[in-house]
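*Asks:* Supplied structure: entry-v1.txt, compact mmCIF, C-alpha atoms and all ligand atoms.
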# COMPACT_ATOMS: atom_id res chain seq x y z
CA MET A 1 -38.27 13.84 -4.82
CA ALA A 2 -35.49 15.81 -6.53
CA GLU A 3 -32.47 13.80 -7.62
CA GLN A 4 -29.47 14.14 -5.32
CA THR A 5 -26.42 16.02 -6.53
CA PRO A 6 -23.06 14.15 -6.50
CA GLU A 7 -22.08 16.27 -3.49
CA GLN A 8 -25.19 15.12 -1.58
CA VAL A 9 -24.54 11.49 -2.54
CA LEU A 10 -20.98 11.77 -1.23
CA GLU A 11 -22.18 13.34 1.99
CA ASP A 12 -24.61 10.46 2.50
CA ILE A 13 -21.88 7.90 1.80
CA GLY A 14 -19.63 9.69 4.31
CA ALA A 15 -22.34 9.53 6.98
CA GLU A 16 -22.89 5.82 6.32
CA VAL A 17 -19.16 5.10 6.49
CA ARG A 18 -18.85 6.88 9.85
CA ARG A 19 -21.44 4.60 11.42
CA CYS A 20 -20.52 1.48 9.44
CA SER A 21 -19.88 -1.80 11.23
CA ALA A 22 -19.83 -4.08 8.21
CA CYS A 23 -16.36 -5.45 8.99
CA ARG A 24 -14.03 -5.87 11.98
CA LEU A 25 -12.11 -2.68 11.13
CA CYS A 26 -14.87 -0.70 12.85
CA GLU A 27 -13.82 -2.11 16.22
CA LYS A 28 -10.52 -0.27 16.65
CA ARG A 29 -10.95 2.78 14.48
CA THR A 30 -10.84 6.24 16.05
CA LYS A 31 -12.49 7.89 13.06
CA ALA A 32 -13.61 6.40 9.78
CA VAL A 33 -12.14 8.09 6.71
CA PRO A 34 -14.69 8.25 3.89
CA GLY A 35 -12.60 10.51 1.63
CA GLU A 36 -12.66 14.14 0.66
CA GLY A 37 -12.08 16.59 -2.12
CA ALA A 38 -13.64 18.15 -5.16
CA LEU A 39 -15.32 16.74 -8.19
CA LYS A 40 -14.34 19.49 -10.57
CA SER A 41 -10.97 18.29 -11.83
CA GLY A 42 -12.35 14.84 -12.65
CA ILE A 43 -9.42 13.17 -10.88
CA MET A 44 -9.89 10.58 -8.14
CA LEU A 45 -7.02 9.07 -6.17
CA ILE A 46 -7.55 5.79 -4.35
CA GLY A 47 -5.12 4.62 -1.69
CA GLU A 48 -5.11 1.51 0.48
CA GLY A 49 -6.45 2.46 3.91
CA PRO A 50 -6.12 5.07 6.65
CA GLY A 51 -2.94 5.13 8.73
CA PHE A 52 -2.40 6.52 12.23
CA ASN A 53 -2.78 10.22 11.36
CA GLU A 54 -5.74 9.61 9.09
CA ASP A 55 -7.50 7.55 11.77
CA GLN A 56 -6.98 10.35 14.29
CA GLN A 57 -8.26 13.10 12.00
CA GLY A 58 -10.84 11.27 9.88
CA ARG A 59 -9.17 12.60 6.73
CA PRO A 60 -7.22 10.76 4.02
CA PHE A 61 -3.49 11.25 3.38
CA VAL A 62 -2.74 13.77 6.14
CA GLY A 63 0.54 12.23 7.38
CA PRO A 64 3.98 12.16 5.74
CA ALA A 65 2.69 10.17 2.75
CA GLY A 66 -0.01 12.80 2.30
CA LYS A 67 2.61 15.55 2.30
CA LEU A 68 4.46 13.75 -0.49
CA LEU A 69 1.20 13.30 -2.38
CA GLU A 70 0.58 17.04 -2.12
CA GLU A 71 4.07 17.73 -3.50
CA MET A 72 3.37 15.37 -6.39
CA LEU A 73 0.07 17.10 -7.16
CA ALA A 74 1.76 20.50 -6.98
CA ALA A 75 4.27 19.31 -9.59
CA VAL A 76 1.41 19.28 -12.13
CA GLY A 77 -0.26 22.40 -10.82
CA LEU A 78 -2.88 20.67 -8.68
CA HIS A 79 -3.86 21.21 -5.07
CA ARG A 80 -5.39 18.42 -2.97
CA GLU A 81 -8.69 20.31 -2.71
CA GLN A 82 -9.01 20.02 -6.49
CA VAL A 83 -9.05 16.22 -6.56
CA PHE A 84 -11.01 13.58 -4.67
CA ILE A 85 -8.94 11.35 -2.38
CA THR A 86 -10.17 8.14 -0.78
CA ASN A 87 -9.05 4.61 0.09
CA VAL A 88 -10.01 1.03 -0.65
CA VAL A 89 -10.94 0.52 3.02
CA LYS A 90 -12.27 3.44 5.00
CA CYS A 91 -11.16 2.35 8.50
CA ARG A 92 -7.60 1.84 9.72
CA PRO A 93 -6.31 -1.72 9.79
CA PRO A 94 -4.79 -2.11 13.29
CA GLY A 95 -1.04 -1.53 13.32
CA ASN A 96 -1.21 -0.56 9.65
CA ARG A 97 -1.47 -4.23 8.65
CA ASP A 98 -2.70 -5.06 5.17
CA PRO A 99 -6.46 -4.96 4.73
CA GLN A 100 -7.88 -8.48 4.48
CA PRO A 101 -9.87 -9.65 1.44
CA ASP A 102 -13.14 -9.83 3.39
CA GLU A 103 -12.60 -6.28 4.70
CA ILE A 104 -11.95 -4.99 1.19
CA ALA A 105 -15.03 -6.82 -0.06
CA ALA A 106 -17.16 -5.36 2.75
CA CYS A 107 -16.00 -1.84 1.92
CA ASN A 108 -16.20 -2.16 -1.87
CA GLU A 109 -19.74 -0.90 -2.03
CA TYR A 110 -18.72 2.53 -0.72
CA LEU A 111 -15.95 2.87 -3.30
CA ASP A 112 -18.31 1.76 -6.07
CA ARG A 113 -20.83 4.40 -5.03
CA GLN A 114 -18.16 7.09 -4.77
CA LEU A 115 -16.96 6.22 -8.28
CA ALA A 116 -20.51 6.39 -9.60
CA ALA A 117 -21.19 9.76 -7.93
CA ILE A 118 -17.90 11.39 -8.91
CA ASP A 119 -17.62 9.70 -12.31
CA PRO A 120 -13.96 10.74 -12.59
CA ARG A 121 -12.15 11.01 -15.92
CA ILE A 122 -8.88 9.88 -14.34
CA VAL A 123 -8.59 7.29 -11.54
CA ILE A 124 -5.15 7.07 -9.94
CA THR A 125 -4.50 3.96 -7.90
CA LEU A 126 -1.99 4.36 -5.06
CA GLY A 127 -0.46 1.11 -3.92
CA ARG A 128 -1.14 -2.56 -4.53
CA PHE A 129 -4.61 -3.01 -3.04
CA SER A 130 -5.98 -0.20 -5.11
CA LEU A 131 -4.04 -1.56 -8.09
CA ALA A 132 -5.61 -5.00 -7.61
CA ARG A 133 -9.06 -3.42 -7.68
CA PHE A 134 -8.60 -2.09 -11.23
CA PHE A 135 -5.62 -4.02 -12.67
CA SER A 136 -6.23 -7.63 -11.72
CA GLY A 137 -3.00 -9.62 -11.54
CA ALA A 138 -0.76 -6.68 -12.51
CA LYS A 139 2.55 -5.95 -10.80
CA ILE A 140 3.10 -2.32 -9.88
CA SER A 141 6.77 -2.48 -10.92
CA ALA A 142 5.63 -3.41 -14.45
CA VAL A 143 2.64 -1.11 -14.94
CA HIS A 144 3.21 2.04 -12.87
CA GLY A 145 2.45 5.18 -14.82
CA GLU A 146 0.91 3.23 -17.73
CA PRO A 147 -2.73 4.18 -18.27
CA LYS A 148 -5.55 1.77 -19.04
CA PHE A 149 -8.37 3.45 -20.92
CA ALA A 150 -11.74 1.89 -20.17
CA ASP A 151 -15.27 2.91 -19.19
CA GLY A 152 -14.63 6.39 -20.61
CA ARG A 153 -11.82 6.84 -18.09
CA ALA A 154 -8.09 6.56 -17.72
CA TYR A 155 -6.99 4.31 -14.86
CA VAL A 156 -3.41 5.08 -13.91
CA PRO A 157 -1.47 2.94 -11.42
CA PHE A 158 1.03 4.67 -9.12
CA TYR A 159 3.21 3.36 -6.36
CA HIS A 160 1.90 4.28 -2.92
CA PRO A 161 3.47 7.56 -1.71
CA ALA A 162 4.51 5.76 1.52
CA ALA A 163 6.78 3.62 -0.65
CA GLY A 164 8.26 6.82 -2.03
CA LEU A 165 9.14 7.90 1.50
CA ARG A 166 11.13 4.70 1.97
CA SER A 167 12.83 4.63 -1.41
CA PRO A 168 14.32 7.62 -3.30
CA ALA A 169 14.08 5.61 -6.54
CA ILE A 170 10.32 5.08 -6.07
CA LYS A 171 9.90 8.72 -5.11
CA GLN A 172 11.49 9.69 -8.40
CA MET A 173 9.17 7.30 -10.26
CA LEU A 174 6.16 8.87 -8.54
CA PHE A 175 7.15 12.31 -9.78
CA GLU A 176 7.87 10.97 -13.27
CA ASP A 177 4.51 9.19 -13.37
CA ILE A 178 2.47 12.18 -12.27
CA GLN A 179 4.11 14.25 -14.99
CA LYS A 180 2.36 11.94 -17.48
CA LEU A 181 -1.10 13.14 -16.42
CA PRO A 182 -1.44 15.96 -18.97
CA ALA A 183 -0.57 13.55 -21.80
CA ILE A 184 -2.97 10.95 -20.44
CA ALA A 185 -5.76 13.53 -20.18
CA LYS A 186 -5.06 14.59 -23.75
CA ARG A 187 -5.18 11.00 -25.02
CA LEU A 188 -8.41 10.40 -23.13
CA LYS A 189 -9.98 13.37 -24.87
CA GLU A 190 -8.86 12.02 -28.23
CA LEU A 191 -10.39 8.61 -27.45
CA GLN A 192 -13.60 10.27 -26.31
CA ALA A 193 -13.73 12.23 -29.57
CA GLN A 194 -13.25 8.99 -31.49
CA GLY A 195 -16.00 7.35 -29.46
CA HIS A 196 -14.16 4.26 -28.25
CA PHE A 197 -12.41 3.08 -25.14
CA ASP A 198 -11.85 -0.64 -25.55
CA ARG A 199 -8.83 -2.37 -24.01
CA GLN A 200 -7.36 -3.24 -27.39
CA GLU A 201 -7.17 0.44 -28.23
CA ALA A 202 -5.77 1.29 -24.85
CA ASP A 203 -3.11 -1.39 -24.96
CA SER A 204 -1.90 -0.58 -28.45
CA ALA A 205 1.26 1.39 -29.07
CA ASP A 206 -0.89 3.90 -30.90
CA ALA A 207 -2.62 4.73 -27.64
CA ALA A 208 0.60 5.67 -25.85
CA PRO A 209 0.43 9.36 -25.00
CA ASP A 210 2.98 11.78 -26.38
CA THR A 211 4.19 13.18 -23.08
CA GLU A 212 6.32 16.03 -24.38
CA GLU A 213 3.65 17.38 -26.66
CA ALA A 214 0.85 17.06 -24.12
CA ASN A 215 2.82 18.58 -21.26
CA THR A 216 2.18 21.92 -22.86
CA ASP A 217 -1.52 21.44 -22.08
CA GLN A 218 -3.08 22.30 -18.76
CA LEU A 219 -4.89 19.84 -16.53
CA SER A 220 -7.96 22.02 -16.79
CA LEU A 221 -9.11 19.58 -19.45
CA PHE A 222 -12.13 18.45 -17.50
S1 LIG B 301 -13.60 -0.62 6.61
FE1 LIG B 301 -15.40 -0.15 5.36
S2 LIG B 301 -16.77 -1.93 5.61
FE2 LIG B 301 -15.26 -2.00 7.27
S3 LIG B 301 -16.26 -0.93 8.99
FE3 LIG B 301 -15.02 0.58 7.89
S4 LIG B 301 -16.45 1.53 6.43
FE4 LIG B 301 -17.40 -0.39 7.13
Write the structure described by the file as structure tokens, please.

*Replies:*
Amino acid sequence: MAEQTPEQVLEDIGAEVRRCSACRLCEKRTKAVPGEGALKSGIMLIGEGPGFNEDQQGRPFVGPAGKLLEEMLAAVGLHREQVFITNVVKCRPPGNRDPQPDEIAACNEYLDRQLAAIDPRIVITLGRFSLARFFSGAKISAVHGEPKFADGRAYVPFYHPAAGLRSPAIKQMLFEDIQKLPAIAKRLKELQAQGHFDRQEADSADAAPDTEEANTDQLSLF
């Protein structure tokens, strides 16, 4: 049998998510929200979980937070169709409560498979549950906008856009952080060329991207 394309794998994952009952979040969902977008830009954004609008439509980030996310992407010349957007849990926690550890654990497999199929160059975490998945023990106030280079990727923690709707200061930080993407993409390419991605390299001052210089580059690096 011919090997599935990443698009086919994602379609299969989406179908599985829509009929999934692996945790209690299936009980009150209207629609599951597997995620959507393109693979081409090599950028994957991972939020926390669907909210009211997302649950109604079965699509990620379609409410006010999604509008802000689209504005952020536009600031670096990207449209939401050019990136892949998903969440840590694919079904809405009732009343927008935090997802519970067992719910996150139950849903992890889908995110793992999406990551494997998309194999993004840049993973942007949106909010603390997504942060915890890739930056164990980190505080968003300390690490936002600071990339971690590992696995041949750049993992970049952002505040959740919903927090930006509540706080003008966080909104400003979100726009400042997304402006770092061209520099981060440039640094990633340099690390790839050098053939190493270990944490020591990523954490060193030498690995800090030169934002001004790299902002002249386009995000069509992938
Ligand atoms: S949140 Fe994830 S694990 Fe739970 S029912 Fe939905 S798709 Fe399944």

*Asks:* Need the shell around Cys23 of chain A: protein/DNA/RNA residues with any atom at most 12 Å away, counting only C-alpha atoms. Skip same-chain ones fewer than 3 positions apart. Format as a compact mmCIF listing (two decimals) with C-alpha atoms, in the frame of the given file?

*Replies:*
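And here's result05.txt as it stands now:
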# COMPACT_ATOMS: atom_id res chain seq x y z
CA VAL A 17 -19.16 5.10 6.49
CA ARG A 19 -21.44 4.60 11.42
CA CYS A 20 -20.52 1.48 9.44
CA CYS A 26 -14.87 -0.70 12.85
CA GLU A 27 -13.82 -2.11 16.22
CA LYS A 28 -10.52 -0.27 16.65
CA ARG A 29 -10.95 2.78 14.48
CA VAL A 89 -10.94 0.52 3.02
CA LYS A 90 -12.27 3.44 5.00
CA CYS A 91 -11.16 2.35 8.50
CA ARG A 92 -7.60 1.84 9.72
CA PRO A 93 -6.31 -1.72 9.79
CA PRO A 99 -6.46 -4.96 4.73
CA GLN A 100 -7.88 -8.48 4.48
CA PRO A 101 -9.87 -9.65 1.44
CA ASP A 102 -13.14 -9.83 3.39
CA GLU A 103 -12.60 -6.28 4.70
CA ILE A 104 -11.95 -4.99 1.19
CA ALA A 105 -15.03 -6.82 -0.06
CA ALA A 106 -17.16 -5.36 2.75
CA CYS A 107 -16.00 -1.84 1.92
CA ASN A 108 -16.20 -2.16 -1.87

*Asks:* Could you name the residues that touch Phe175 of chain A at 9 Å or less, counting only C-alpha atoms, but leaving out those on the same chain fewer than 2 positions away, as a list of chain:residue names?

*Replies:* A:Glu71, A:Met72, A:Leu73, A:Ala75, A:Ile170, A:Lys171, A:Gln172, A:Met173, A:Asp177, A:Ile178, A:Gln179

*Asks:* My list of candidates is A:Ile13, A:Ala32, A:Ala142, A:Ala183. Which is closest to Ala154 of chain A when distances are computed with all atoms listed in the file?

*Replies:*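 Of the candidates, the smallest distance to Ala154 of chain A is held by A:Ala183.
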
*Asks:* List every protein, DNA or RNA residue that has an atom no more than 7 Å from (-10.2, 8.8, 9.8) in the file's coordinate frame, counting only C-alpha atoms, and report them as a PyMOL selection string.

*Replies:* chain A and resi 30-33+50+54-60+91

*Asks:* Which of these, A:Met44, A:Ala2, A:Leu191, A:Ile85, has the shortest distance to Gly152 of chain A once you count all atoms listed in the file?

*Replies:*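 Using all atoms listed in the file, the shortest distance to Gly152 of chain A belongs to A:Leu191.
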
*Asks:* Which residue gives the smallest distance to Val88 of chain A among A:Ile122, A:Ala163, A:Ala132, A:Ala74, with all atoms listed in the file counted?

*Replies:*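 Result for the nearest residue to Val88 of chain A: A:Ala132.
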
*Asks:* Report the distance between atom CA of Pro182 of chain A and atom CA of Ser130 of chain A in Å, rounded to one decimal place.

*Replies:* 21.8 Å

*Asks:* First collect every listed atom of ligand LIG 301 (chain B); then fit an axis-aligned box around them, widen it by 6 Å on each side, and give centre and edge lengths in Å to one decimal, as AutoDock Vina command-line options.

*Replies:*
--center_x -15.5 --center_y -0.2 --center_z 7.2 --size_x 15.8 --size_y 15.5 --size_z 15.6

*Asks:* Between atom CA of Ser41 of chain A and atom CA of Glu70 of chain A, what distance in Å does the model show, to one decimal?

*Replies:* 15.1 Å

*Asks:* Taking only C-alpha atoms and all ligand atoms into account, which of A:Ala65, A:Ala117, A:Leu111, A:Leu45 comes nearest ligand LIG 301 (chain B)?

*Replies:*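 The shortest atom-to-atom distance to ligand LIG 301 (chain B) comes from A:Leu111.
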
*Asks:* Between A:Tyr110, A:Ile43, A:Leu115, A:Ala162, which one has atoms that come closest to Leu181 of chain A, using only C-alpha atoms?

*Replies:*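 Among A:Tyr110, A:Ile43, A:Leu115, A:Ala162, it is A:Ile43 that comes nearest to Leu181 of chain A.
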
*Asks:* If I take atom CA of Gly137 of chain A and atom CA of Lys180 of chain A, how far is one from the other in Å, to one decimal?

*Replies:*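 Distance between the two atoms: 23.0 Å.
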
*Asks:* Might you pull out every residue within 7 Å of Ile118 of chain A, with all atoms listed in the file counted and same-chain residues fewer than 2 positions away left off, and present them as a JSON list (two decimals) with C-alpha atoms, in the coordinates of the input?

*Replies:*
[["chain", "number", "residue", "atom", "x", "y", "z"],
["A", 6, "PRO", "CA", -23.06, 14.15, -6.50],
["A", 39, "LEU", "CA", -15.32, 16.74, -8.19],
["A", 114, "GLN", "CA", -18.16, 7.09, -4.77],
["A", 115, "LEU", "CA", -16.96, 6.22, -8.28],
["A", 116, "ALA", "CA", -20.51, 6.39, -9.60],
["A", 120, "PRO", "CA", -13.96, 10.74, -12.59]]

*Asks:* Kindly indicate which residue among A:Ser21, A:Val143, A:Ile124, A:Arg166 lies nearest to ligand LIG 301 (chain B), using only C-alpha atoms and all ligand atoms for the distances.

*Replies:*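 Using only C-alpha atoms and all ligand atoms, the shortest distance to ligand LIG 301 (chain B) belongs to A:Ser21.
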
*Asks:* For the point (-0.1, 1.8, -11.8) in the file's frame, write as a PyMOL selection string all residues with an atom no more than 6 Å away, counting only C-alpha atoms.

*Replies:* chain A and resi 140+143-145+156-158
